[in-house]
Structures are given as C-alpha cells and as structure tokens.
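A.B. asks: So here's upload-v6.pdb (PDB, C-alpha atoms, pLDDT in the B column).
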```pdb
MODEL        1
ATOM      1  CA  MET A   1     -17.369 -15.008  -1.530  1.00 51.00           C
ATOM      2  CA  PRO A   2     -17.868 -15.644   2.200  1.00 44.00           C
ATOM      3  CA  ASP A   3     -18.418 -12.786   4.583  1.00 41.00           C
ATOM      4  CA  GLU A   4     -15.782 -11.419   6.942  1.00 41.00           C
ATOM      5  CA  ALA A   5     -17.129 -13.305   9.978  1.00 37.00           C
ATOM      6  CA  SER A   6     -16.543 -16.700   8.401  1.00 37.00           C
ATOM      7  CA  GLU A   7     -12.905 -16.080   7.615  1.00 42.00           C
ATOM      8  CA  GLY A   8     -11.374 -17.380  10.824  1.00 42.00           C
ATOM      9  CA  ASN A   9      -9.161 -15.874  13.473  1.00 39.00           C
ATOM     10  CA  ALA A  10      -8.025 -12.334  12.653  1.00 39.00           C
ATOM     11  CA  GLU A  11      -4.866 -12.851  14.725  1.00 40.00           C
ATOM     12  CA  ALA A  12      -3.692 -15.515  12.305  1.00 45.00           C
ATOM     13  CA  VAL A  13      -3.440 -13.135   9.351  1.00 57.00           C
ATOM     14  CA  GLU A  14      -0.618 -14.221   7.107  1.00 85.00           C
ATOM     15  CA  PRO A  15       2.066 -11.676   6.230  1.00 93.00           C
ATOM     16  CA  LEU A  16       1.259 -12.222   2.547  1.00 96.00           C
ATOM     17  CA  ALA A  17      -2.415 -11.420   3.144  1.00 96.00           C
ATOM     18  CA  ALA A  18      -1.526  -8.297   5.117  1.00 96.00           C
ATOM     19  CA  ARG A  19       0.722  -7.102   2.306  1.00 97.00           C
ATOM     20  CA  VAL A  20      -1.840  -7.767  -0.422  1.00 97.00           C
ATOM     21  CA  ASP A  21      -4.461  -6.007   1.705  1.00 96.00           C
ATOM     22  CA  HIS A  22      -2.152  -3.022   2.221  1.00 95.00           C
ATOM     23  CA  LEU A  23      -1.656  -2.658  -1.528  1.00 96.00           C
ATOM     24  CA  PHE A  24      -5.409  -2.695  -2.134  1.00 96.00           C
ATOM     25  CA  GLN A  25      -5.906  -0.054   0.565  1.00 93.00           C
ATOM     26  CA  THR A  26      -3.058   2.153  -0.641  1.00 92.00           C
ATOM     27  CA  ILE A  27      -2.881   1.938  -4.426  1.00 92.00           C
ATOM     28  CA  LYS A  28      -6.162   3.114  -5.865  1.00 90.00           C
ATOM     29  CA  PRO A  29      -7.484   4.209  -9.236  1.00 87.00           C
ATOM     30  CA  ARG A  30      -8.619   7.773  -9.823  1.00 81.00           C
ATOM     31  CA  GLY A  31     -11.629   8.464  -7.668  1.00 79.00           C
ATOM     32  CA  GLY A  32     -10.133   7.056  -4.491  1.00 81.00           C
ATOM     33  CA  ARG A  33     -12.029   3.768  -4.237  1.00 91.00           C
ATOM     34  CA  GLU A  34     -10.234   0.430  -4.004  1.00 95.00           C
ATOM     35  CA  TYR A  35      -9.786  -1.728  -7.064  1.00 96.00           C
ATOM     36  CA  SER A  36     -12.248  -4.596  -7.178  1.00 97.00           C
ATOM     37  CA  PHE A  37     -10.929  -8.144  -7.326  1.00 98.00           C
ATOM     38  CA  GLU A  38     -12.490  -8.438 -10.768  1.00 97.00           C
ATOM     39  CA  GLU A  39     -10.653  -5.330 -12.001  1.00 97.00           C
ATOM     40  CA  VAL A  40      -7.316  -6.696 -10.804  1.00 98.00           C
ATOM     41  CA  ALA A  41      -7.901 -10.144 -12.328  1.00 97.00           C
ATOM     42  CA  GLU A  42      -9.028  -8.645 -15.649  1.00 97.00           C
ATOM     43  CA  ALA A  43      -6.064  -6.233 -15.797  1.00 96.00           C
ATOM     44  CA  ILE A  44      -3.643  -9.106 -15.180  1.00 97.00           C
ATOM     45  CA  ARG A  45      -5.277 -11.147 -17.951  1.00 95.00           C
ATOM     46  CA  THR A  46      -5.271  -8.151 -20.311  1.00 95.00           C
ATOM     47  CA  ARG A  47      -1.542  -7.664 -19.746  1.00 93.00           C
ATOM     48  CA  GLY A  48      -0.950 -11.276 -20.772  1.00 94.00           C
ATOM     49  CA  GLY A  49      -0.407 -12.490 -17.239  1.00 92.00           C
ATOM     50  CA  PRO A  50      -1.384 -15.868 -15.870  1.00 95.00           C
ATOM     51  CA  THR A  51      -4.972 -16.938 -15.416  1.00 94.00           C
ATOM     52  CA  ILE A  52      -6.075 -15.686 -12.024  1.00 96.00           C
ATOM     53  CA  SER A  53      -9.591 -15.373 -10.692  1.00 97.00           C
ATOM     54  CA  ALA A  54     -11.112 -12.606  -8.620  1.00 97.00           C
ATOM     55  CA  THR A  55     -11.958 -15.225  -5.996  1.00 98.00           C
ATOM     56  CA  TYR A  56      -8.323 -16.357  -5.778  1.00 98.00           C
ATOM     57  CA  ILE A  57      -7.148 -12.761  -5.312  1.00 98.00           C
ATOM     58  CA  TRP A  58      -9.788 -12.330  -2.601  1.00 98.00           C
ATOM     59  CA  GLN A  59      -8.526 -15.509  -0.908  1.00 97.00           C
ATOM     60  CA  LEU A  60      -4.941 -14.231  -0.984  1.00 97.00           C
ATOM     61  CA  ARG A  61      -6.034 -10.913   0.513  1.00 97.00           C
ATOM     62  CA  ARG A  62      -7.957 -12.632   3.302  1.00 96.00           C
ATOM     63  CA  GLY A  63      -5.251 -15.184   4.086  1.00 94.00           C
ATOM     64  CA  LEU A  64      -7.336 -18.150   2.971  1.00 95.00           C
ATOM     65  CA  ARG A  65      -4.636 -18.973   0.427  1.00 93.00           C
ATOM     66  CA  ASN A  66      -1.007 -18.256   1.209  1.00 91.00           C
ATOM     67  CA  ASN A  67       1.136 -20.104  -1.303  1.00 92.00           C
ATOM     68  CA  PRO A  68       0.673 -18.473  -4.719  1.00 95.00           C
ATOM     69  CA  THR A  69       2.773 -19.466  -7.700  1.00 95.00           C
ATOM     70  CA  MET A  70       5.635 -17.191  -8.654  1.00 96.00           C
ATOM     71  CA  LYS A  71       3.682 -16.236 -11.792  1.00 97.00           C
ATOM     72  CA  HIS A  72       0.776 -15.037  -9.625  1.00 97.00           C
ATOM     73  CA  VAL A  73       3.134 -13.121  -7.324  1.00 97.00           C
ATOM     74  CA  GLU A  74       4.795 -11.466 -10.317  1.00 97.00           C
ATOM     75  CA  ALA A  75       1.404 -10.623 -11.835  1.00 97.00           C
ATOM     76  CA  LEU A  76       0.110  -9.020  -8.631  1.00 97.00           C
ATOM     77  CA  ALA A  77       3.385  -7.167  -8.143  1.00 96.00           C
ATOM     78  CA  GLY A  78       3.220  -5.901 -11.720  1.00 96.00           C
ATOM     79  CA  PHE A  79      -0.360  -4.730 -11.328  1.00 96.00           C
ATOM     80  CA  PHE A  80       0.401  -2.758  -8.152  1.00 95.00           C
ATOM     81  CA  GLY A  81       3.803  -1.538  -9.393  1.00 94.00           C
ATOM     82  CA  VAL A  82       5.919  -3.146  -6.682  1.00 96.00           C
ATOM     83  CA  PRO A  83       8.739  -5.670  -6.940  1.00 96.00           C
ATOM     84  CA  PRO A  84       7.772  -9.314  -6.266  1.00 97.00           C
ATOM     85  CA  ALA A  85      10.079  -9.237  -3.219  1.00 96.00           C
ATOM     86  CA  TYR A  86       7.552  -6.863  -1.596  1.00 96.00           C
ATOM     87  CA  PHE A  87       5.453  -9.875  -0.617  1.00 96.00           C
ATOM     88  CA  PHE A  88       8.246 -11.820   1.099  1.00 94.00           C
ATOM     89  CA  ASP A  89      11.176  -9.590   2.063  1.00 94.00           C
ATOM     90  CA  ASP A  90      10.636  -7.398   5.135  1.00 94.00           C
ATOM     91  CA  ASP A  91      13.254  -4.812   4.143  1.00 95.00           C
ATOM     92  CA  THR A  92      11.722  -4.420   0.680  1.00 95.00           C
ATOM     93  CA  THR A  93       8.238  -4.223   2.194  1.00 94.00           C
ATOM     94  CA  HIS A  94       9.251  -1.462   4.634  1.00 93.00           C
ATOM     95  CA  ARG A  95      11.019   0.526   1.908  1.00 93.00           C
ATOM     96  CA  ILE A  96       8.096   0.292  -0.513  1.00 94.00           C
ATOM     97  CA  ASP A  97       5.552   1.073   2.230  1.00 92.00           C
ATOM     98  CA  ALA A  98       7.497   4.233   3.127  1.00 90.00           C
ATOM     99  CA  GLU A  99       7.472   5.281  -0.538  1.00 89.00           C
ATOM    100  CA  LEU A 100       3.740   4.559  -0.787  1.00 89.00           C
ATOM    101  CA  ALA A 101       3.060   6.616   2.347  1.00 85.00           C
ATOM    102  CA  LEU A 102       4.946   9.533   0.812  1.00 83.00           C
ATOM    103  CA  LEU A 103       3.037   9.236  -2.471  1.00 83.00           C
ATOM    104  CA  THR A 104      -0.252   9.092  -0.591  1.00 81.00           C
ATOM    105  CA  ALA A 105       0.634  12.221   1.382  1.00 79.00           C
ATOM    106  CA  VAL A 106       1.692  14.110  -1.742  1.00 78.00           C
ATOM    107  CA  ARG A 107      -1.682  13.344  -3.355  1.00 76.00           C
ATOM    108  CA  ASP A 108      -3.252  15.573  -0.687  1.00 75.00           C
ATOM    109  CA  SER A 109      -3.345  19.032  -2.284  1.00 77.00           C
ATOM    110  CA  SER A 110      -2.722  20.802   1.037  1.00 81.00           C
ATOM    111  CA  VAL A 111       0.392  18.736   1.723  1.00 80.00           C
ATOM    112  CA  ARG A 112       1.579  19.251  -1.850  1.00 77.00           C
ATOM    113  CA  GLN A 113       1.086  23.024  -1.512  1.00 84.00           C
ATOM    114  CA  ILE A 114       3.215  23.136   1.653  1.00 85.00           C
ATOM    115  CA  ALA A 115       5.939  21.058   0.004  1.00 81.00           C
ATOM    116  CA  LEU A 116       6.000  23.283  -3.076  1.00 83.00           C
ATOM    117  CA  ARG A 117       6.225  26.429  -0.967  1.00 86.00           C
ATOM    118  CA  ALA A 118       9.108  24.933   1.065  1.00 87.00           C
ATOM    119  CA  SER A 119      11.121  24.180  -2.067  1.00 87.00           C
ATOM    120  CA  GLY A 120      14.276  26.293  -2.198  1.00 90.00           C
ATOM    121  CA  LEU A 121      14.364  27.186   1.497  1.00 91.00           C
ATOM    122  CA  SER A 122      17.617  26.766   3.401  1.00 92.00           C
ATOM    123  CA  ALA A 123      18.334  23.629   5.391  1.00 92.00           C
ATOM    124  CA  LYS A 124      17.984  25.649   8.613  1.00 93.00           C
ATOM    125  CA  SER A 125      14.535  26.892   7.569  1.00 91.00           C
ATOM    126  CA  LEU A 126      13.429  23.382   6.582  1.00 89.00           C
ATOM    127  CA  VAL A 127      14.479  22.067  10.017  1.00 91.00           C
ATOM    128  CA  ALA A 128      12.435  24.819  11.677  1.00 92.00           C
ATOM    129  CA  ILE A 129       9.390  23.992   9.543  1.00 89.00           C
ATOM    130  CA  THR A 130       9.769  20.288  10.301  1.00 86.00           C
ATOM    131  CA  GLU A 131       9.880  21.034  14.018  1.00 89.00           C
ATOM    132  CA  MET A 132       6.735  23.176  13.734  1.00 90.00           C
ATOM    133  CA  VAL A 133       4.879  20.443  11.848  1.00 87.00           C
ATOM    134  CA  GLU A 134       5.939  17.851  14.432  1.00 87.00           C
ATOM    135  CA  ARG A 135       4.714  20.101  17.262  1.00 89.00           C
ATOM    136  CA  VAL A 136       1.335  20.665  15.563  1.00 90.00           C
ATOM    137  CA  ARG A 137       0.972  16.896  14.980  1.00 87.00           C
ATOM    138  CA  GLU A 138       1.662  16.403  18.691  1.00 88.00           C
ATOM    139  CA  LEU A 139      -0.936  19.037  19.657  1.00 91.00           C
ATOM    140  CA  GLU A 140      -3.515  17.351  17.417  1.00 90.00           C
ATOM    141  CA  GLY A 141      -2.753  13.938  18.897  1.00 89.00           C
ATOM    142  CA  LEU A 142      -1.411  12.480  15.649  1.00 82.00           C
ATOM    143  CA  PRO A 143       1.183   9.683  15.770  1.00 78.00           C
ATOM    144  CA  ASP A 144       4.841  10.260  15.007  1.00 75.00           C
ATOM    145  CA  LEU A 145       5.815   9.490  11.450  1.00 68.00           C
ATOM    146  CA  PRO A 146       8.851   7.331  10.647  1.00 61.00           C
ATOM    147  CA  GLU A 147      11.912   9.137   9.364  1.00 61.00           C
ATOM    148  CA  PRO A 148      12.119   8.787   5.572  1.00 56.00           C
ATOM    149  CA  ASP A 149      15.071   6.885   4.075  1.00 52.00           C
ATOM    150  CA  LEU A 150      16.703   9.429   1.789  1.00 48.00           C
TER     151      LEU A 150
ENDMDL
END
```
Turn this file's structure into structure tokens for me.
C.D. replies:
Amino acid sequence: MPDEASEGNAEAVEPLAARVDHLFQTIKPRGGREYSFEEVAEAIRTRGGPTISATYIWQLRRGLRNNPTMKHVEALAGFFGVPPAYFFDDDTTHRIDAELALLTAVRDSSVRQIALRASGLSAKSLVAITEMVERVRELEGLPDLPEPDL
C-alpha cells in the first residue's frame, strides 16, 4: 500500500473516507489498537459477507475509492455495528458519532466511576455537577462538548 504522502490532497478527503476513518479510530478491539485492514476483511469474509480485500478497505479509508457497492457498505457497517446509512446520511452520522463518543467516554474507568456515583442524585444535584464539570473543562482548556440527544 502506498505511503501517506502519495495519497493526494488532504483537503479533498471524501465524506465516505472520513467516516470509514472515524470508525477505525473509534471502534477498537480489546487492547485499544485499531483493527488492521486484514482483520476487517477476514471478519467480513468469515461472516459470509462479500469478497473484500484489505487493500480495498484501505483505499476506501484513504479516499482513493469512493463508490463501494451496497454489499460492501453493508458489510463494513455490519462489522463496525452501525447502520449502512451512517456512510451517507449526515443526520445518521451525527447521531451515531454522538453515541460512539459516549461509549468511548464510558470506557474510561474514571468517567464511569463518576457516572456511577451520580446515579440516583436529584435533577438539581446533577445540574450542579454538570456545571462544575463544564467549569473544570474550561479551566483545563478543553473544548465544549455537544449536548447529547436524549
């Protein structure tokens, strides 16, 4: 596979490539590393999905290919546990990305511990805690987080 420098203009990244890349960066096996292209291709084949090569998946992720068949879209969506619409529908993408961000945060044991300890508190107390967390994020120079769709 070619190196990053030979892939063309980074500004011309296709939305499909950005979404595939985001899934690789966000949905990881135990251990925290990204899935390899070979692992994804093999898992799709093992599940009875269409023939798909590691190189083709790499090309989709890098934006070198941007018109996969519906069978390939469905296979990738199935592997990563997202609906096929994730790759093409902005509203679906935003909703799924918000859910993935929440899941990623909850994997952090410190965040999980805070959430568990907050369970059962009154709405007024939860608002106060939220305000404190937002203030600390501001003090530490962290960006604002989007409001979750509940």
A.B. asks: Suppose a student applies the PyMOL selection byres ((chain A and resi 41) around 12) to this structure; what residues should they get, written as number ranges by chain?
C.D. replies: A: 35-40, 42-58, 72, 75-76, 78-80
A.B. asks: Name the residues that the PyMOL selection byres ((chain A and resi 17) around 9) pulls out of this structure, and write them as number ranges by chain.
C.D. replies: A: 13-16, 18-22, 59-66, 87
A.B. asks: What's the separation between atom CA of Phe88 of chain A and atom CA of Val73 of chain A, in Å to one decimal place?
C.D. replies: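 According to the coordinates, atom CA of Phe88 of chain A and atom CA of Val73 of chain A are separated by 9.9 Å.
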A.B. asks: Would you mind reading off the distance between atom CA of Gln25 of chain A and atom CA of Thr104 of chain A, one decimal, in Å?
C.D. replies: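 If I compute the distance from atom CA of Gln25 of chain A to atom CA of Thr104 of chain A, I get 10.8 Å.
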A.B. asks: Mind pulling up the distance from atom CA of Ala98 of chain A to atom CA of Thr69 of chain A?
C.D. replies: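 Distance between the two atoms: 26.5 Å.
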A.B. asks: Tell me which residues the PyMOL selection byres ((chain A and resi 100) around 12) grabs here, as a list in words.
C.D. replies: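 Taken on the displayed file, the PyMOL selection byres ((chain A and resi 100) around 12) yields the residues His22, Leu23, Phe24, Gln25, Thr26, Ile27, Lys28, Phe80, Gly81, Val82, Thr93, His94, Arg95, Ile96, Asp97, Ala98, Glu99, Ala101, Leu102, Leu103, Thr104, Ala105, Val106, Arg107 and Pro148 of chain A.
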A.B. asks: Could you give me segment 15-33 of chain A completed to N, CA, C and O atoms, formatted as an mmCIF file, keeping the file's coordinate frame?
C.D. replies:
```
data_model
loop_
_atom_site.group_PDB
_atom_site.id
_atom_site.type_symbol
_atom_site.label_atom_id
_atom_site.label_comp_id
_atom_site.auth_asym_id
_atom_site.auth_seq_id
_atom_site.Cartn_x
_atom_site.Cartn_y
_atom_site.Cartn_z
ATOM 1 N N PRO A 15 1.377 -12.872 6.726
ATOM 2 C CA PRO A 15 2.066 -11.676 6.230
ATOM 3 C C PRO A 15 1.728 -11.386 4.759
ATOM 4 O O PRO A 15 1.564 -10.237 4.383
ATOM 5 N N LEU A 16 1.604 -12.425 3.949
ATOM 6 C CA LEU A 16 1.259 -12.222 2.547
ATOM 7 C C LEU A 16 -0.099 -11.540 2.429
ATOM 8 O O LEU A 16 -0.262 -10.575 1.684
ATOM 9 N N ALA A 17 -1.070 -12.009 3.184
ATOM 10 C CA ALA A 17 -2.415 -11.420 3.144
ATOM 11 C C ALA A 17 -2.374 -9.965 3.583
ATOM 12 O O ALA A 17 -3.012 -9.101 2.968
ATOM 13 N N ALA A 18 -1.625 -9.675 4.625
ATOM 14 C CA ALA A 18 -1.526 -8.297 5.117
ATOM 15 C C ALA A 18 -0.902 -7.392 4.058
ATOM 16 O O ALA A 18 -1.330 -6.242 3.879
ATOM 17 N N ARG A 19 0.059 -7.908 3.328
ATOM 18 C CA ARG A 19 0.722 -7.102 2.306
ATOM 19 C C ARG A 19 -0.178 -6.888 1.088
ATOM 20 O O ARG A 19 -0.227 -5.782 0.538
ATOM 21 N N VAL A 20 -0.889 -7.919 0.682
ATOM 22 C CA VAL A 20 -1.840 -7.767 -0.422
ATOM 23 C C VAL A 20 -2.924 -6.771 -0.013
ATOM 24 O O VAL A 20 -3.278 -5.862 -0.773
ATOM 25 N N ASP A 21 -3.436 -6.914 1.202
ATOM 26 C CA ASP A 21 -4.461 -6.007 1.705
ATOM 27 C C ASP A 21 -3.954 -4.563 1.719
ATOM 28 O O ASP A 21 -4.653 -3.639 1.317
ATOM 29 N N HIS A 22 -2.725 -4.369 2.163
ATOM 30 C CA HIS A 22 -2.152 -3.022 2.221
ATOM 31 C C HIS A 22 -2.081 -2.397 0.828
ATOM 32 O O HIS A 22 -2.377 -1.208 0.657
ATOM 33 N N LEU A 23 -1.715 -3.185 -0.171
ATOM 34 C CA LEU A 23 -1.656 -2.658 -1.528
ATOM 35 C C LEU A 23 -3.040 -2.242 -2.015
ATOM 36 O O LEU A 23 -3.198 -1.186 -2.631
ATOM 37 N N PHE A 24 -4.047 -3.063 -1.742
ATOM 38 C CA PHE A 24 -5.409 -2.695 -2.134
ATOM 39 C C PHE A 24 -5.846 -1.398 -1.453
ATOM 40 O O PHE A 24 -6.488 -0.556 -2.071
ATOM 41 N N GLN A 25 -5.492 -1.241 -0.182
ATOM 42 C CA GLN A 25 -5.906 -0.054 0.565
ATOM 43 C C GLN A 25 -5.144 1.198 0.152
ATOM 44 O O GLN A 25 -5.650 2.309 0.297
ATOM 45 N N THR A 26 -3.935 1.016 -0.368
ATOM 46 C CA THR A 26 -3.058 2.153 -0.641
ATOM 47 C C THR A 26 -3.032 2.579 -2.102
ATOM 48 O O THR A 26 -3.040 3.770 -2.395
ATOM 49 N N ILE A 27 -2.988 1.631 -3.003
ATOM 50 C CA ILE A 27 -2.881 1.938 -4.426
ATOM 51 C C ILE A 27 -4.267 1.863 -5.034
ATOM 52 O O ILE A 27 -4.860 0.789 -5.130
ATOM 53 N N LYS A 28 -4.776 3.020 -5.411
ATOM 54 C CA LYS A 28 -6.162 3.114 -5.865
ATOM 55 C C LYS A 28 -6.243 3.806 -7.210
ATOM 56 O O LYS A 28 -5.407 4.650 -7.528
ATOM 57 N N PRO A 29 -7.282 3.493 -7.977
ATOM 58 C CA PRO A 29 -7.484 4.209 -9.236
ATOM 59 C C PRO A 29 -8.002 5.614 -8.952
ATOM 60 O O PRO A 29 -8.357 5.944 -7.809
ATOM 61 N N ARG A 30 -8.058 6.426 -9.989
ATOM 62 C CA ARG A 30 -8.619 7.773 -9.823
ATOM 63 C C ARG A 30 -10.015 7.648 -9.222
ATOM 64 O O ARG A 30 -10.763 6.757 -9.565
ATOM 65 N N GLY A 31 -10.337 8.519 -8.335
ATOM 66 C CA GLY A 31 -11.629 8.464 -7.668
ATOM 67 C C GLY A 31 -11.510 8.012 -6.227
ATOM 68 O O GLY A 31 -12.419 8.206 -5.447
ATOM 69 N N GLY A 32 -10.392 7.380 -5.871
ATOM 70 C CA GLY A 32 -10.133 7.056 -4.491
ATOM 71 C C GLY A 32 -10.702 5.760 -3.950
ATOM 72 O O GLY A 32 -10.420 5.385 -2.828
ATOM 73 N N ARG A 33 -11.495 5.041 -4.727
ATOM 74 C CA ARG A 33 -12.029 3.768 -4.237
ATOM 75 C C ARG A 33 -10.981 2.676 -4.447
ATOM 76 O O ARG A 33 -10.036 2.856 -5.216
#
```
